[in-house]
Every structure is written in C-alpha cells, then in structure tokens.
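Heads up, run.csv below (CSV, C-alpha atoms and all ligand atoms):
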chain,number,residue,atom,x,y,z
B,377,MET,CA,115.1,76.1,109.2
B,378,SER,CA,114.5,76.7,105.5
B,379,PHE,CA,112.0,74.8,103.3
B,380,GLU,CA,111.4,74.2,99.6
B,381,ASN,CA,107.6,74.0,99.8
B,382,LEU,CA,106.7,75.8,102.9
B,383,LYS,CA,107.0,79.4,104.2
B,384,LEU,CA,107.2,79.7,107.9
B,385,GLU,CA,106.9,82.7,110.2
B,386,GLU,CA,106.5,83.0,113.9
B,387,LYS,CA,104.1,85.7,115.0
B,388,ASP,CA,103.1,86.3,118.6
B,389,GLY,CA,104.0,82.8,119.7
B,390,TRP,CA,102.2,81.1,116.8
B,391,LEU,CA,103.8,79.4,113.8
B,392,GLU,CA,102.2,80.5,110.5
B,393,VAL,CA,102.8,78.0,107.8
B,394,VAL,CA,102.1,78.6,104.2
B,395,ILE,CA,102.1,75.5,102.0
B,396,ASP,CA,103.6,77.1,99.0
B,397,ARG,CA,103.6,75.2,95.7
B,398,PRO,CA,101.1,77.4,93.8
B,399,LYS,CA,101.9,76.0,90.4
B,400,ALA,CA,100.5,72.6,91.6
B,401,LEU,CA,97.8,74.3,93.7
B,402,ASN,CA,99.9,73.4,96.8
B,403,ALA,CA,99.4,69.7,96.3
B,404,LEU,CA,101.1,67.6,99.0
B,405,ASN,CA,104.0,65.7,97.5
B,406,GLY,CA,106.3,63.6,99.6
B,407,ALA,CA,108.8,66.4,100.2
B,408,THR,CA,106.0,68.7,101.5
B,409,LEU,CA,104.8,66.0,103.9
B,410,SER,CA,108.3,65.7,105.2
B,411,GLU,CA,108.6,69.4,105.7
B,412,LEU,CA,105.3,69.6,107.4
B,413,ALA,CA,106.4,66.8,109.7
B,414,SER,CA,109.4,68.8,110.8
B,415,VAL,CA,107.3,71.9,111.5
B,416,VAL,CA,105.1,69.7,113.7
B,417,ASP,CA,108.2,68.5,115.5
B,418,ARG,CA,109.2,72.1,116.2
B,419,LEU,CA,105.7,73.0,117.3
B,420,GLU,CA,105.7,70.3,119.9
B,421,ALA,CA,109.3,70.8,121.0
B,422,GLU,CA,109.3,74.6,121.6
B,423,ALA,CA,107.4,75.5,124.8
B,424,ASP,CA,107.1,79.1,123.8
B,425,LEU,CA,105.0,78.2,120.7
B,426,ARG,CA,101.3,78.2,121.5
B,427,GLY,CA,99.9,76.9,118.3
B,428,MET,CA,100.0,77.0,114.5
B,429,ILE,CA,98.0,78.4,111.6
B,430,ILE,CA,98.2,76.5,108.3
B,431,THR,CA,97.2,78.2,105.0
B,432,GLY,CA,97.9,77.9,101.3
B,433,GLY,CA,100.1,80.1,99.1
B,434,GLY,CA,98.8,81.8,96.0
B,435,GLU,CA,95.3,82.9,95.2
B,436,LYS,CA,93.5,79.7,94.4
B,437,ALA,CA,94.2,76.9,96.8
B,438,PHE,CA,94.6,75.9,100.4
B,439,VAL,CA,95.8,72.4,99.2
B,440,ALA,CA,94.3,70.7,96.1
B,441,GLY,CA,95.1,67.2,97.4
B,442,ALA,CA,97.9,64.7,97.5
B,443,ASP,CA,100.1,65.2,94.5
B,444,ILE,CA,98.5,63.1,91.8
B,445,THR,CA,101.7,62.8,89.8
B,446,GLU,CA,103.1,60.7,92.8
B,447,LEU,CA,100.0,58.5,93.0
B,448,LYS,CA,99.6,57.1,89.5
B,449,ASP,CA,102.1,54.3,89.6
B,450,LEU,CA,102.1,53.2,93.2
B,451,THR,CA,102.1,49.5,94.0
B,452,ALA,CA,99.6,48.4,96.7
B,453,ALA,CA,102.4,48.2,99.3
B,454,ASP,CA,103.6,51.7,98.4
B,455,ALA,CA,100.0,53.1,98.4
B,456,MET,CA,99.5,51.8,101.9
B,457,LYS,CA,102.9,53.2,103.0
B,458,TYR,CA,101.9,56.6,101.5
B,459,ALA,CA,98.5,56.6,103.2
B,460,ASP,CA,100.1,55.6,106.5
B,461,ARG,CA,102.6,58.3,106.3
B,462,GLY,CA,100.0,61.0,105.6
B,463,GLN,CA,97.7,59.6,108.3
B,464,ALA,CA,100.5,59.6,110.9
B,465,LEU,CA,101.3,63.2,110.2
B,466,PHE,CA,97.7,64.3,110.3
B,467,SER,CA,97.1,62.3,113.5
B,468,ARG,CA,100.1,64.0,115.1
B,469,ILE,CA,98.5,67.4,114.3
B,470,GLU,CA,95.1,66.3,115.6
B,471,ARG,CA,96.4,64.7,118.8
B,472,GLY,CA,99.2,67.2,119.4
B,473,SER,CA,99.3,69.3,122.5
B,474,LYS,CA,98.8,72.7,120.7
B,475,PRO,CA,95.9,74.0,118.7
B,476,VAL,CA,96.2,74.1,114.9
B,477,ILE,CA,94.0,76.4,112.8
B,478,ALA,CA,93.4,75.9,109.1
B,479,ALA,CA,92.9,79.1,107.2
B,480,VAL,CA,91.3,77.9,103.9
B,481,GLY,CA,91.2,80.5,101.2
B,482,GLY,CA,90.6,78.3,98.1
B,483,PHE,CA,90.5,74.7,97.1
B,484,ALA,CA,90.8,72.2,100.0
B,485,LEU,CA,90.4,68.9,98.1
B,486,GLY,CA,91.4,65.4,98.8
B,487,GLY,CA,94.4,65.3,101.0
B,488,GLY,CA,94.1,69.1,101.5
B,489,CYS,CA,90.5,68.7,102.8
B,490,GLU,CA,91.8,65.9,105.0
B,491,LEU,CA,94.6,68.1,106.4
B,492,ALA,CA,91.9,70.7,107.2
B,493,LEU,CA,89.8,68.0,108.9
B,494,ALA,CA,92.8,67.1,111.1
B,495,CYS,CA,93.2,70.7,112.2
B,496,HIS,CA,91.2,71.8,115.3
B,497,ILE,CA,89.6,74.9,113.9
B,498,ARG,CA,88.8,75.7,110.3
B,499,VAL,CA,88.3,79.3,109.1
B,500,LEU,CA,87.2,79.6,105.5
B,501,SER,CA,87.1,82.5,103.1
B,502,THR,CA,84.1,83.0,100.9
B,503,LYS,CA,86.2,81.6,98.0
B,504,ALA,CA,87.0,78.3,99.7
B,505,LYS,CA,85.8,75.0,98.2
B,506,MET,CA,86.1,71.8,100.1
B,507,GLY,CA,85.7,68.3,98.8
B,508,LEU,CA,86.9,64.7,98.7
B,509,PRO,CA,87.0,64.0,95.0
B,510,GLU,CA,89.2,60.9,95.3
B,511,VAL,CA,86.6,58.5,93.9
B,512,SER,CA,86.7,60.5,90.6
B,513,LEU,CA,90.3,59.4,90.3
B,514,GLY,CA,89.5,55.8,91.2
B,515,VAL,CA,91.0,56.1,94.7
B,516,ILE,CA,89.6,56.8,98.1
B,517,PRO,CA,90.4,59.4,100.7
B,518,GLY,CA,93.5,57.9,102.3
B,519,PHE,CA,94.7,60.6,104.7
B,520,GLY,CA,91.8,60.1,107.2
B,521,GLY,CA,88.9,61.5,105.2
B,522,THR,CA,86.7,58.5,105.5
B,523,GLN,CA,87.1,58.6,109.3
B,524,ARG,CA,87.2,62.3,110.2
B,525,LEU,CA,84.6,63.8,108.0
B,526,SER,CA,81.7,61.8,109.3
B,527,ARG,CA,82.8,62.5,112.9
B,528,ILE,CA,82.5,66.2,112.1
B,529,VAL,CA,79.4,66.5,109.9
B,530,GLY,CA,77.6,63.2,110.4
B,531,LEU,CA,77.4,60.0,108.3
B,532,GLY,CA,74.9,61.1,105.7
B,533,ARG,CA,76.6,64.4,104.7
B,534,ALA,CA,80.0,62.7,104.8
B,535,LEU,CA,78.9,59.9,102.5
B,536,GLU,CA,77.3,62.4,100.1
B,537,MET,CA,80.6,64.2,99.8
B,538,ILE,CA,82.8,61.1,99.7
B,539,LEU,CA,80.7,59.1,97.3
B,540,GLY,CA,79.5,62.0,95.1
B,541,GLY,CA,82.9,63.6,95.0
B,542,GLU,CA,81.4,67.1,94.5
B,543,MET,CA,83.0,70.2,96.0
B,544,ILE,CA,81.0,72.3,98.5
B,545,ASP,CA,81.3,76.1,98.9
B,546,ALA,CA,82.1,77.9,102.1
B,547,GLU,CA,78.5,78.6,103.1
B,548,SER,CA,77.6,75.0,102.8
B,549,ALA,CA,80.6,74.0,104.8
B,550,PHE,CA,79.6,76.5,107.5
B,551,ARG,CA,76.0,75.2,107.6
B,552,MET,CA,77.2,71.6,108.1
B,553,GLY,CA,79.7,72.5,110.8
B,554,LEU,CA,82.8,72.0,108.7
B,555,ALA,CA,83.8,75.6,108.9
B,556,ASN,CA,84.0,77.5,112.2
B,557,ARG,CA,83.8,80.9,110.4
B,558,VAL,CA,83.5,82.2,106.9
B,559,VAL,CA,85.0,85.6,106.1
B,560,GLU,CA,86.0,87.7,103.2
B,561,PRO,CA,89.2,86.6,101.5
B,562,GLU,CA,91.2,89.7,102.6
B,563,GLU,CA,90.1,89.0,106.2
B,564,LEU,CA,91.1,85.3,106.3
B,565,MET,CA,94.5,85.4,108.1
B,566,GLU,CA,93.2,88.1,110.4
B,567,ALA,CA,90.3,86.0,111.4
B,568,ALA,CA,92.6,83.0,112.1
B,569,ARG,CA,94.9,85.3,114.1
B,570,GLN,CA,92.0,86.6,116.1
B,571,ILE,CA,91.1,83.1,117.2
B,572,ALA,CA,94.7,82.4,118.0
B,573,GLY,CA,94.8,85.6,120.0
B,574,SER,CA,91.9,84.5,122.2
B,575,ILE,CA,93.6,81.2,122.8
B,576,GLN,CA,96.9,83.0,123.5
B,577,LYS,CA,95.4,84.8,126.5
B,578,ARG,CA,94.4,81.6,128.3
B,579,GLY,CA,96.5,79.3,130.4
B,580,PRO,CA,98.7,77.2,128.1
B,581,LEU,CA,98.6,74.1,130.2
B,582,ALA,CA,94.8,74.4,130.5
B,583,VAL,CA,94.5,74.9,126.7
B,584,SER,CA,96.6,71.7,126.1
B,585,ALA,CA,94.6,69.7,128.7
B,586,ALA,CA,91.3,70.9,127.2
B,587,LEU,CA,92.4,70.0,123.7
B,588,ARG,CA,93.6,66.6,124.8
B,589,ALA,CA,90.4,65.8,126.7
B,590,THR,CA,88.1,67.0,123.9
B,591,VAL,CA,90.0,65.4,121.0
B,592,ARG,CA,90.8,62.1,122.7
B,593,GLY,CA,87.5,62.0,124.5
B,594,ARG,CA,85.7,61.9,121.2
B,595,GLU,CA,87.2,58.4,120.6
B,596,MET,CA,86.1,57.1,124.0
B,597,THR,CA,82.8,56.0,125.5
B,598,LEU,CA,81.2,58.9,127.5
B,599,GLU,CA,82.1,57.2,130.7
B,600,ASP,CA,85.8,56.8,129.8
B,601,GLY,CA,85.9,60.3,128.4
B,602,LEU,CA,84.5,61.7,131.6
B,603,ALA,CA,87.1,59.8,133.6
B,604,PHE,CA,89.8,61.2,131.3
B,605,GLU,CA,88.5,64.7,131.9
B,606,VAL,CA,88.7,64.1,135.7
B,607,ALA,CA,92.3,63.0,135.3
B,608,GLN,CA,93.2,66.1,133.3
B,609,PHE,CA,91.5,68.3,135.7
B,610,GLY,CA,93.4,66.8,138.6
B,611,LEU,CA,96.8,67.1,136.8
B,612,LEU,CA,96.2,70.8,136.3
B,613,ALA,CA,95.5,71.4,140.0
B,614,ASN,CA,99.2,70.9,140.7
B,615,THR,CA,100.3,73.7,138.4
B,616,GLU,CA,101.2,77.3,139.0
B,617,ASP,CA,98.9,78.3,136.2
B,618,TRP,CA,95.9,77.0,138.1
B,619,LYS,CA,96.9,79.0,141.2
B,620,GLU,CA,97.6,82.1,139.1
B,621,GLY,CA,94.3,81.9,137.1
B,622,THR,CA,92.0,81.3,140.0
B,623,GLY,CA,94.0,83.8,142.2
B,624,ALA,CA,94.0,86.5,139.5
B,625,PHE,CA,90.2,86.2,139.2
B,626,LEU,CA,89.7,86.6,143.0
B,627,GLU,CA,92.2,89.5,143.1
B,628,LYS,CA,90.4,91.1,140.1
B,629,ARG,CA,93.5,91.3,138.0
B,630,LYS,CA,94.6,89.8,134.7
B,631,PRO,CA,96.4,86.5,135.0
B,632,GLU,CA,100.0,86.1,134.0
B,633,PHE,CA,100.3,82.5,133.0
B,634,ARG,CA,103.8,81.0,132.7
B,635,GLY,CA,102.9,77.6,131.5
B,636,GLN,CA,104.1,75.9,134.7
B,701,LIG,N1,98.2,67.0,92.3
B,701,LIG,C1,99.1,67.5,91.4
B,701,LIG,N2,98.9,68.6,90.6
B,701,LIG,C2,97.7,69.2,90.8
B,701,LIG,C3,96.8,68.8,91.7
B,701,LIG,C4,97.0,67.7,92.5
B,701,LIG,N3,96.2,67.2,93.4
B,701,LIG,N4,95.7,69.7,91.6
B,701,LIG,C5,96.0,70.6,90.7
B,701,LIG,N5,97.3,70.3,90.2
B,701,LIG,C6,98.0,71.1,89.1
B,701,LIG,C7,97.3,70.9,87.8
B,701,LIG,O1,97.8,69.7,87.2
B,701,LIG,C8,97.8,72.1,87.0
B,701,LIG,O2,99.2,71.9,86.7
B,701,LIG,P1,99.7,72.3,85.2
B,701,LIG,O3,99.5,73.8,85.2
B,701,LIG,O4,101.1,71.9,85.1
B,701,LIG,O5,98.8,71.7,84.2
B,701,LIG,C9,97.9,73.2,88.1
B,701,LIG,O6,97.9,72.5,89.3
B,701,LIG,C10,96.6,74.1,88.1
B,701,LIG,O7,95.5,73.2,88.1
B,701,LIG,P2,94.3,73.4,87.0
B,701,LIG,O8,94.8,73.9,85.7
B,701,LIG,O9,93.6,72.1,87.0
B,701,LIG,O10,93.4,74.5,87.7
B,701,LIG,P3,91.8,74.7,87.6
B,701,LIG,O11,91.6,76.0,88.2
B,701,LIG,O12,91.4,74.5,86.2
B,701,LIG,O13,91.2,73.5,88.5
B,701,LIG,C11,91.0,72.1,90.4
B,701,LIG,C12,91.4,73.5,89.8
B,701,LIG,C13,89.5,71.9,90.2
B,701,LIG,C14,91.4,72.1,91.9
B,701,LIG,C15,91.7,71.0,89.6
B,701,LIG,O14,93.1,71.4,89.6
B,701,LIG,C16,91.6,69.7,90.2
B,701,LIG,O15,90.6,69.0,90.1
B,701,LIG,N6,92.7,69.2,90.9
B,701,LIG,C17,92.7,67.9,91.5
B,701,LIG,C18,91.9,67.8,92.7
B,701,LIG,C19,91.9,66.4,93.3
B,701,LIG,O16,91.4,65.5,92.6
B,701,LIG,N7,92.4,66.2,94.5
B,701,LIG,C20,92.5,64.9,95.1
B,701,LIG,C21,93.8,64.3,94.8
B,701,LIG,S1,93.9,62.6,95.4
B,701,LIG,C22,94.2,62.8,97.1
B,701,LIG,O17,94.3,63.9,97.6
B,701,LIG,C23,94.3,61.5,97.8
B,701,LIG,C24,94.7,61.7,99.3
B,701,LIG,C25,94.9,60.4,99.9
B,701,LIG,C26,96.2,59.9,99.4
B,701,LIG,C27,96.5,58.5,100.0
B,701,LIG,C28,97.8,58.0,99.5
B,701,LIG,C29,97.8,56.7,98.8

Would you give me this structure, written as structure tokens?
Amino acid sequence: MSFENLKLEEKDGWLEVVIDRPKALNALNGATLSELASVVDRLEAEADLRGMIITGGGEKAFVAGADITELKDLTAADAMKYADRGQALFSRIERGSKPVIAAVGGFALGGGCELALACHIRVLSTKAKMGLPEVSLGVIPGFGGTQRLSRIVGLGRALEMILGGEMIDAESAFRMGLANRVVEPEELMEAARQIAGSIQKRGPLAVSAALRATVRGREMTLEDGLAFEVAQFGLLANTEDWKEGTGAFLEKRKPEFRGQ
C-alpha cells in the first residue's frame, strides 16, 4: 500500500505511521484523512498487528491541525460533513481493538491535538506544543476536541485551552495528564516503541479486552462499566491465552500467547 501523505512501516508487529506533509506542518487535508482511514482498516484487519504508533514527519510538527486551506469556503453542510468524517475516523482509533500511541515531537494543534487525544497513549518530546487554537480562526474544535480534552484533563483546564486558544508546552501537558511521558526529541520514537514493547509481551486478547473495557467504560455509569468489565472477563476465560498465561505463571515460565 503506498500513500501520498503518509509513510508506513511495520516493526515488531506494530505499524509506525508518519504523517508526512512537512511543508504544511503535516496538516490533515481530506486526502490524508482518507489515507489514515485505510491504515486503521489494515490495523483492525490484520491479526498479527498489535498496535500503531503515529508521529509527524519533519522537525517541527506532529500535526498542525486540519488543513486550513480546505476550511475557508466550506458551507454549513460541508463543514458538518467534514467534522463528521474526522470524528468518525478518530472514534475508530479510540474505540478500536488495538492500542494506538501518539509520538508528538512538535506542534499538535487543532485537528492534530484532537488526533493525539483520540490515541490511547501520548508520548511528547520536550519540543512538543499542544493546543486547540480553533477559536482564533473563528471556528471550534470539530474533530472531538470539545469532548475528549475535558475527559482527560478536567473541565476547567480544557476550557482554558479551548477558549483561550493558547498552546501549552510538554511539561504543562505532562502536569495536567495530557502526556504520559516527556522525553528528549531524539528519544521520542524509542520511548513510544518501549511502551509498545511492554504491551507486545502481554496477551493480545487480554490487551484488547482491557482497552475495550477501559475506553468504553469511561462513557458508562460505574455500574454499567463494572458489568461490562465482568462480561469481558468472562469472554477471556474461554480463550487459550487465559490458560496459557495463568498456566505459565504457575509453571514459572514465560507465556507464549497466540491470540486465541
Ligand atoms: N493548515 C494548512 N497549512 C498550515 C497549517 C494548517 N493547519 N499550519 C501550518 N501550515 C502551513 C503554513 O501556512 C506554512 O505554509 P507556507 O510555507 O506555504 O506559508 C507552513 O505550514 C509553515 O507554517 P508557518 O510558516 O506558519 O510556521 P511557523 O513556525 O511560523 O508557525 C504554527 C507554526 C504556529 C504552527 C503556525 O503554522 C500555525 O499557527 N498554524 C495553524 C495552527 C492552527 O490554527 N491549527 C488549527 C487549524 S483548524 C483545525 O484544526 C480544525 C479541526 C476541526 C475541523 C473540523 C472540520 C470542519
């Protein structure tokens, strides 16, 4: 599969996706959204793939937003269609069965910040800057930012970022729980791969079930979320991975999970 705006590599069972339009600071145009959608299809379809790392090409940006050149003359109907399309893609990432890590080495603004918010884990370099500057353009976050940011950092901090439109640096992002880790720029991909490597060692069906329960549970009442957790727990009990993981512990050996 070859792409115009993405670079794709498979490493140790993980897809590494570079959003690569450095001249536009990797802004998400329609073509890039379509390409990302087909990568998500592949991630879900191929059982051997365990997850995905998304990063930005060039020195300056993760993704500097939706491509503003495509926004200016949208009609109301087209704007809604555009927002729907981005939201659908980002929700597929968030609600998918495999973990997705954002490796943010520069500007993650607007739609780029919203893409990072839809990822499950965010690793930032010290050069990262995150923000939702849409109101400076007379628009609002439309790829999920008004919904996901407050769920991650709380309402007050989210509103300060959304209404004020200022960028925050990596340390501030870390302090408010927006970044899982902050590392030196040259260590960014390695840090993301290290997290991927830890996940890789675990039972793939258990990882998917844990992801599902945690992400979906957040949208439920505690009672419903707990019931959902019980159901996921029960489903896993029928799998070979469950027998292998618990058996290997008792036999004092490393498990060999087969995702079955
Ligand atoms: N879209 C298109 N082009 C962009 C974007 C963008 N989001 N960001 C940067 N570029 C382009 C610049 O126009 C410039 O192009 P050129 O060289 O041809 O002039 C090139 O990238 C380099 O940018 P700068 O020269 O501006 O670089 P600086 O280092 O001076 O500044 C900044 C970097 C601060 C990141 C600056 O480029 C900037 O402010 N960019 C815009 C950030 C922004 O406002 N993002 C939000 C966009 S709106 C959005 O994401 C909405 C999401 C929801 C959509 C819902 C659909 C309806």

- Query: What is the distance, in Å and to one decimal place, between atom CA of Gly486 of chain B and atom CA of Pro509 of chain B?
  - Reply: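 According to the coordinates, atom CA of Gly486 of chain B and atom CA of Pro509 of chain B are separated by 6.0 Å.
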
- Taken to one decimal, the atom S1 of ligand LIG 701 (chain B)-atom CA of Ala453 of chain B distance is 17.2 Å

- Task: Could I get the residue neighbourhood of ligand LIG 701 (chain B) at 7 Å, counting only C-alpha atoms and all ligand atoms, as a list of chain:residue names?
- Result: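 So, counting only C-alpha atoms and all ligand atoms, the residues near ligand LIG 701 (chain B) are B:Lys399, B:Ala400, B:Leu401, B:Ala403, B:Ala440, B:Gly441, B:Ala442, B:Asp443, B:Ile444, B:Thr445, B:Leu447, B:Ala455, B:Met456, B:Tyr458, B:Ala459, B:Phe483, B:Leu485, B:Gly486, B:Gly487, B:Gly488, B:Leu508, B:Pro509, B:Glu510, B:Leu513, B:Ile516, B:Pro517, B:Gly518, B:Phe519.
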
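Atom CA of Thr502 of chain B to atom CA of Glu547 of chain B spans 7.5 Å [interatomic distance, one decimal].
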
- Using only C-alpha atoms, the residue out of B:Leu450, B:Leu611, B:Met543, B:Ala484 with shortest distance to Leu404 of chain B is B:Ala484

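Using all atoms listed in the file for every distance, the candidate list B:Val439, B:Leu500, B:Ala423, B:Leu384 yields B:Val439 as the residue closest to Asn405 of chain B.
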
Residues at most 10 Å from Asp417 of chain B, counting all atoms listed in the file, excluding those fewer than 4 positions away in the same chain, as a short mmCIF file (atom, residue, chain, number, x, y, z; two decimals) with C-alpha atoms, in the frame of the given file?
data_model
loop_
_atom_site.label_atom_id
_atom_site.label_comp_id
_atom_site.auth_asym_id
_atom_site.auth_seq_id
_atom_site.Cartn_x
_atom_site.Cartn_y
_atom_site.Cartn_z
CA GLU B 411 108.60 69.40 105.70
CA LEU B 412 105.30 69.60 107.40
CA ALA B 413 106.40 66.80 109.70
CA ALA B 421 109.30 70.80 121.00
CA GLU B 422 109.30 74.60 121.60
CA ARG B 468 100.10 64.00 115.10
CA ILE B 469 98.50 67.40 114.30
CA GLY B 472 99.20 67.20 119.40
#

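Residue nearest Leu419 of chain B within the list B:Ser473, B:Asn381, B:Asn402, B:Thr622: B:Ser473 [criterion: smallest interatomic distance, all atoms listed in the file].
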
With only C-alpha atoms counted and 12 Å as the cut-off, give the residues of segment 466-561 of chain B in contact with segment 581-591 of chain B, each with its shortest interatomic distance in Å and the pair that gives it, as a Markdown table.
| residue | atom | partner | partner_atom | distance |
| --- | --- | --- | --- | --- |
| B:Ser467 | CA | B:Val591 | CA | 10.8 |
| B:Arg468 | CA | B:Val591 | CA | 11.8 |
| B:Ile469 | CA | B:Val591 | CA | 11.0 |
| B:Glu470 | CA | B:Val591 | CA | 7.5 |
| B:Arg471 | CA | B:Val591 | CA | 6.8 |
| B:Gly472 | CA | B:Arg588 | CA | 7.8 |
| B:Ser473 | CA | B:Ser584 | CA | 5.1 |
| B:Lys474 | CA | B:Ser584 | CA | 5.9 |
| B:Pro475 | CA | B:Leu587 | CA | 7.3 |
| B:Val476 | CA | B:Leu587 | CA | 10.4 |
| B:Ala494 | CA | B:Val591 | CA | 10.4 |
| B:Cys495 | CA | B:Val591 | CA | 10.8 |
| B:His496 | CA | B:Val591 | CA | 8.7 |
| B:Ile497 | CA | B:Leu587 | CA | 11.3 |
| B:Arg524 | CA | B:Val591 | CA | 11.6 |
| B:Arg527 | CA | B:Val591 | CA | 11.2 |
| B:Ile528 | CA | B:Val591 | CA | 11.7 |

Residue neighbourhood Gly482 of chain B, 6 Å, all atoms listed in the file, exclusion window fewer than 5 positions, as a compact mmCIF listing (two decimals) with C-alpha atoms, in the frame of the given file:
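As a result, around-v3.txt now contains:
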# COMPACT_ATOMS: atom_id res chain seq x y z
CA LYS B 436 93.50 79.70 94.40
CA ALA B 437 94.20 76.90 96.80
CA PHE B 438 94.60 75.90 100.40
CA LYS B 503 86.20 81.60 98.00
CA ALA B 504 87.00 78.30 99.70
CA LYS B 505 85.80 75.00 98.20

- Message: Could you check which residues have any atom within 10 Å of (82.8, 58.7, 101.5), counting all atoms listed in the file with coordinates taken straight from the file, and then list them as a list in words?
- Response: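 Output: Leu508, Pro509, Glu510, Val511, Ile516, Pro517, Gly521, Thr522, Gln523, Leu525, Ser526, Leu531, Gly532, Arg533, Ala534, Leu535, Glu536, Met537, Ile538, Leu539, Gly540 and Gly541 of chain B.
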
Could you give me the centre and size, in Å to one decimal, of an axis-aligned box around all listed atoms of segment 548-558 of chain B with 4 Å added on every side, as JSON?
{"center_x": 80.0, "center_y": 76.9, "center_z": 107.5, "size_x": 16.0, "size_y": 18.6, "size_z": 17.4}

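Comparing B:Ala607, B:Ile429, B:Ala478, B:Ala407 by their smallest distance to Lys387 of chain B, the closest is B:Ile429 (using only C-alpha atoms).
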
- Query: Leaving out Arg578 of chain B and any residue of its chain fewer than 4 positions from it, which residues lie within 10 Å of it when counting all atoms listed in the file, given as a ChimeraX atom specification?
  - Reply: /B:573-574,582-583,617,621,631-633,635
